[in-house]
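Student: Got a structure for you, questions after.
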Amino acid sequence: MSESDTLLSCTDVTRYFGGLLALDHLDLDVHRGEVLGLLGPNGSGKTTFFNVLTGIYAFSEGRAVLAGRDVTRDTAQAVYKAGVARTFQRSRLCLSLSLFDNIMVGNHNRLSLGMTFNLLRRRAFARELEANFAAARDLVEVFSPALADRMNEPVANFPMLDRRRIEICRALISRPKLLLLDEPSAGMTHEETHQLMDDILAVRAHTPELAIVIIEHETSVIERITDRCAVLNFGKKICEGSYAEVIENEEVREAYLGAA
Ligand SMILES: Nc1ncnc2c1ncn2[C@@H]1O[C@H](COP(=O)(O)OP(=O)(O)OP(=O)(O)O)[C@@H](O)[C@H]1O
């Protein structure tokens with residue numbers, strides 16, 4: 001793997017919560033266009049990694065470089081502008097707002113709007129709105145053509161699977177380089193989960209440069225959609241490789257089953 005294939009390079013990433021070491025000198029690279037599964041038992045530091053990387057929590061130690069730019073001390077907004085978008089374990093949609101409005105929340109760094117712009121250049125504003133609507137619709141269509149015909153409906157009308165799709169579209173509308181998915185299958189049936197994974201594979205085919213890091217517990221999902229996996233335990237990376245390799249690893253087995 002050449003250096004130019006590395007999109008994100010994390011070195012020594014460490015995070016303390018008081019006396020608790022949630023991330024322990026983690027080294028992790030993400031390559032352009034890959035789907036990396038981030039695995040590990042409950043409490044092993046997976047979500048903390050996302051939170052530190054996206055500027056929600058500060059790094060206690062270590063650094064992260066995205067596409068050649070050091071993002072270690074960036075605010076959440078700056079990391080987002082640099083090209084990292086994410087979804088959360090729990091849904092963060094505004095249920096009373098429309099599908100389109102929810103997606104546009106994710107597009108604020110691309111809007112040229114401001115109060116003056118809106119008031120004085122109303123035609124330009126209308127054109128921008130139309131362009132944004134078309135972009136959002138195109139994106140939703142990759143997930144579900146049926147959903148693309150319901151752009152103005154409140155999100156409260158949609159079932160869980162569609163809400164997850166909308167959340168991923170909201171993350172993708174900013175055209176990130178890296179998408180972080182935190183347990184997208186949480187709360188969904190087996191069937192819905194597989195449907196969502198088909199969608200993620202479709203997104204991947206649509207944007208082959210996009211790198212995805214996915215936290216997931218369901219093994220059939222991990223096996224199907226990841227190119228590579230990294231396994232955490234007590235905040236440390238204990239194994240990295242293909243899914244077939246990591247499930248054979250002794251330390252990984254012990255981490256999941258408890259030491260014999
Ligand atoms: N804001 C916080 N304050 C204190 N401790 C925290 C905080 N966030 C996470 N932790 C602790 O850090 C450790 C790692 O938690 P984290 O949520 O990253 O694990 P995880 O691997 O994502 O787990 P799960 O699979 O259950 O979501 C846990 O011991 C957790 O209790």
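By convention here, the chains of the structure tokens are called A, B, ... in the order presented, each chain's residues are numbered starting at 1, and ligands are numbered starting at 1 in the order presented.
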Against ligand 1, which residues of chain A fall within 12 Å? For each one I want the closest pair of atoms and the distance in Å (one decimal), counting only C-alpha atoms and all ligand atoms, rows by chain and increasing residue number, as JSON lines.
Tutor:
```
{"residue": "A:Thr14", "atom": "CA", "partner": "ligand 1", "partner_atom_place_in_ligand_line": "12 (O)", "distance": 11.3}
{"residue": "A:Arg15", "atom": "CA", "partner": "ligand 1", "partner_atom_place_in_ligand_line": "12 (O)", "distance": 8.6}
{"residue": "A:Tyr16", "atom": "CA", "partner": "ligand 1", "partner_atom_place_in_ligand_line": "12 (O)", "distance": 8.1}
{"residue": "A:Phe17", "atom": "CA", "partner": "ligand 1", "partner_atom_place_in_ligand_line": "4 (C)", "distance": 5.0}
{"residue": "A:Gly18", "atom": "CA", "partner": "ligand 1", "partner_atom_place_in_ligand_line": "4 (C)", "distance": 7.4}
{"residue": "A:Gly19", "atom": "CA", "partner": "ligand 1", "partner_atom_place_in_ligand_line": "5 (N)", "distance": 9.3}
{"residue": "A:Leu20", "atom": "CA", "partner": "ligand 1", "partner_atom_place_in_ligand_line": "5 (N)", "distance": 7.0}
{"residue": "A:Leu21", "atom": "CA", "partner": "ligand 1", "partner_atom_place_in_ligand_line": "12 (O)", "distance": 7.2}
{"residue": "A:Ala22", "atom": "CA", "partner": "ligand 1", "partner_atom_place_in_ligand_line": "12 (O)", "distance": 4.4}
{"residue": "A:Leu23", "atom": "CA", "partner": "ligand 1", "partner_atom_place_in_ligand_line": "14 (C)", "distance": 7.4}
{"residue": "A:Asp24", "atom": "CA", "partner": "ligand 1", "partner_atom_place_in_ligand_line": "14 (C)", "distance": 10.5}
{"residue": "A:Leu38", "atom": "CA", "partner": "ligand 1", "partner_atom_place_in_ligand_line": "21 (O)", "distance": 8.9}
{"residue": "A:Leu39", "atom": "CA", "partner": "ligand 1", "partner_atom_place_in_ligand_line": "21 (O)", "distance": 7.7}
{"residue": "A:Gly40", "atom": "CA", "partner": "ligand 1", "partner_atom_place_in_ligand_line": "21 (O)", "distance": 6.1}
{"residue": "A:Pro41", "atom": "CA", "partner": "ligand 1", "partner_atom_place_in_ligand_line": "25 (O)", "distance": 5.9}
{"residue": "A:Asn42", "atom": "CA", "partner": "ligand 1", "partner_atom_place_in_ligand_line": "26 (O)", "distance": 3.6}
{"residue": "A:Gly43", "atom": "CA", "partner": "ligand 1", "partner_atom_place_in_ligand_line": "19 (O)", "distance": 3.3}
{"residue": "A:Ser44", "atom": "CA", "partner": "ligand 1", "partner_atom_place_in_ligand_line": "21 (O)", "distance": 3.8}
{"residue": "A:Gly45", "atom": "CA", "partner": "ligand 1", "partner_atom_place_in_ligand_line": "18 (O)", "distance": 3.3}
{"residue": "A:Lys46", "atom": "CA", "partner": "ligand 1", "partner_atom_place_in_ligand_line": "21 (O)", "distance": 3.9}
{"residue": "A:Thr47", "atom": "CA", "partner": "ligand 1", "partner_atom_place_in_ligand_line": "22 (O)", "distance": 3.7}
{"residue": "A:Thr48", "atom": "CA", "partner": "ligand 1", "partner_atom_place_in_ligand_line": "18 (O)", "distance": 3.6}
{"residue": "A:Phe49", "atom": "CA", "partner": "ligand 1", "partner_atom_place_in_ligand_line": "18 (O)", "distance": 6.4}
{"residue": "A:Phe50", "atom": "CA", "partner": "ligand 1", "partner_atom_place_in_ligand_line": "18 (O)", "distance": 8.1}
{"residue": "A:Asn51", "atom": "CA", "partner": "ligand 1", "partner_atom_place_in_ligand_line": "18 (O)", "distance": 8.1}
{"residue": "A:Val52", "atom": "CA", "partner": "ligand 1", "partner_atom_place_in_ligand_line": "18 (O)", "distance": 9.6}
{"residue": "A:Leu53", "atom": "CA", "partner": "ligand 1", "partner_atom_place_in_ligand_line": "18 (O)", "distance": 11.8}
{"residue": "A:Ile56", "atom": "CA", "partner": "ligand 1", "partner_atom_place_in_ligand_line": "1 (N)", "distance": 9.8}
{"residue": "A:Tyr57", "atom": "CA", "partner": "ligand 1", "partner_atom_place_in_ligand_line": "1 (N)", "distance": 8.2}
{"residue": "A:Ala58", "atom": "CA", "partner": "ligand 1", "partner_atom_place_in_ligand_line": "1 (N)", "distance": 11.2}
{"residue": "A:Phe88", "atom": "CA", "partner": "ligand 1", "partner_atom_place_in_ligand_line": "27 (O)", "distance": 10.4}
{"residue": "A:Gln89", "atom": "CA", "partner": "ligand 1", "partner_atom_place_in_ligand_line": "27 (O)", "distance": 7.9}
{"residue": "A:Arg90", "atom": "CA", "partner": "ligand 1", "partner_atom_place_in_ligand_line": "27 (O)", "distance": 10.7}
{"residue": "A:Leu181", "atom": "CA", "partner": "ligand 1", "partner_atom_place_in_ligand_line": "22 (O)", "distance": 11.6}
{"residue": "A:Asp182", "atom": "CA", "partner": "ligand 1", "partner_atom_place_in_ligand_line": "27 (O)", "distance": 8.3}
{"residue": "A:Glu183", "atom": "CA", "partner": "ligand 1", "partner_atom_place_in_ligand_line": "27 (O)", "distance": 8.1}
{"residue": "A:Pro184", "atom": "CA", "partner": "ligand 1", "partner_atom_place_in_ligand_line": "27 (O)", "distance": 11.6}
{"residue": "A:Ala186", "atom": "CA", "partner": "ligand 1", "partner_atom_place_in_ligand_line": "27 (O)", "distance": 10.3}
{"residue": "A:Ile214", "atom": "CA", "partner": "ligand 1", "partner_atom_place_in_ligand_line": "22 (O)", "distance": 11.3}
{"residue": "A:Ile215", "atom": "CA", "partner": "ligand 1", "partner_atom_place_in_ligand_line": "25 (O)", "distance": 8.0}
{"residue": "A:Glu216", "atom": "CA", "partner": "ligand 1", "partner_atom_place_in_ligand_line": "25 (O)", "distance": 8.2}
{"residue": "A:His217", "atom": "CA", "partner": "ligand 1", "partner_atom_place_in_ligand_line": "25 (O)", "distance": 7.7}
{"residue": "A:Glu218", "atom": "CA", "partner": "ligand 1", "partner_atom_place_in_ligand_line": "25 (O)", "distance": 11.4}
{"residue": "A:Val231", "atom": "CA", "partner": "ligand 1", "partner_atom_place_in_ligand_line": "21 (O)", "distance": 9.8}
{"residue": "A:Leu232", "atom": "CA", "partner": "ligand 1", "partner_atom_place_in_ligand_line": "21 (O)", "distance": 7.5}
{"residue": "A:Asn233", "atom": "CA", "partner": "ligand 1", "partner_atom_place_in_ligand_line": "21 (O)", "distance": 7.9}
{"residue": "A:Phe234", "atom": "CA", "partner": "ligand 1", "partner_atom_place_in_ligand_line": "14 (C)", "distance": 7.4}
{"residue": "A:Gly235", "atom": "CA", "partner": "ligand 1", "partner_atom_place_in_ligand_line": "14 (C)", "distance": 6.9}
{"residue": "A:Lys236", "atom": "CA", "partner": "ligand 1", "partner_atom_place_in_ligand_line": "21 (O)", "distance": 10.6}
{"residue": "A:Lys237", "atom": "CA", "partner": "ligand 1", "partner_atom_place_in_ligand_line": "21 (O)", "distance": 11.5}
{"residue": "A:Ala255", "atom": "CA", "partner": "ligand 1", "partner_atom_place_in_ligand_line": "21 (O)", "distance": 12.0}
{"residue": "A:Tyr256", "atom": "CA", "partner": "ligand 1", "partner_atom_place_in_ligand_line": "25 (O)", "distance": 11.5}
```
Student: So, with only C-alpha atoms as the atoms that count, which of A:Thr75, A:Ser60, A:Ser96, A:Thr87 lies closest to Val213 (chain A)?
Tutor: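 Going through A:Thr75, A:Ser60, A:Ser96, A:Thr87 one by one, the smallest distance to Val213 (chain A) is for A:Thr87.
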Student: When you look at Glu34 (chain A) with a cut-off of 9 Å (counting only C-alpha atoms), what residues show up, excluding the ones that are within fewer than 5 positions of it in the same chain? I need them as an MDAnalysis selection string.
Tutor: chainID A and resid 204 208:213 226:228
Student: Looking only at the backbone, which of the residues in region 71-220 of chain A does DSSP tag as strand (DSSP E or B), as a PyMOL selection string?
Tutor: chain A and resi 84-86+98+154+178-182+211-215
Student: Point out the residue among A:Val155, A:Ala244, A:Ala136, A:Leu8 with the least atom-to-atom distance to Leu93 (chain A), counting only C-alpha atoms.
Tutor: A:Val155
Student: As a list in words, please: all residues of region 197-234 of chain A that backbone DSSP puts in alpha helix (DSSP H).
Tutor: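 Taking region 197-234 of chain A and keeping alpha helix (DSSP H) only, one gets Met197, Asp198, Asp199, Ile200, Leu201, Ala202, Val203, Arg204, Ala205, His206, Thr219, Ser220, Val221, Ile222, Glu223, Arg224 and Ile225 of chain A.
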Student: Work out how far apart CA of Arg63 (chain A) and CA of Glu251 (chain A) are and give it in Å to one decimal.
Tutor: 26.2 Å
Student: Fewer than 6 positions away in the same chain doesn't count, so skip those; otherwise give me all residues within 12 Å of Ala205 (chain A), counting only C-alpha atoms, as a VMD selection string.
Tutor: chain A and resid 33 to 35 142 to 143 198 to 199 211 225
Student: Calculated over only C-alpha atoms, which of the candidates A:Met160, A:Ile238, A:Leu129, A:Val140 has the smallest distance to Ile200 (chain A)?
Tutor: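 Nearest candidate to Ile200 (chain A) out of A:Met160, A:Ile238, A:Leu129, A:Val140: A:Val140.
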Student: Which one is closest to Gln77 (chain A): A:Gly55, A:Ala230, A:Lys177, A:Glu254? Count only C-alpha atoms.
Tutor: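 For Gln77 (chain A), the nearest of the candidates is A:Gly55.
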Student: So that I can check the surroundings of Val65 (chain A), please list as a list of chain:residue names every protein, DNA and RNA residue that reaches within 9 Å of it, counting only C-alpha atoms and ignoring chain neighbours fewer than 3 positions away.
Tutor: A:Leu7, A:Leu8, A:Ser9, A:Cys10, A:Thr11, A:Gly68, A:Arg69, A:Asp70, A:Val71, A:Thr72
Student: Restricting the calculation to only C-alpha atoms, which member of A:Glu250, A:Glu223, A:Glu141, A:Glu167 is positioned closest to Ala202 (chain A)?
Tutor: A:Glu141
Student: Which value, in Å to one decimal, gives the distance between CA of Thr6 (chain A) and CA of Met197 (chain A)?
Tutor: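 Separation of CA of Thr6 (chain A) and CA of Met197 (chain A): 24.2 Å.
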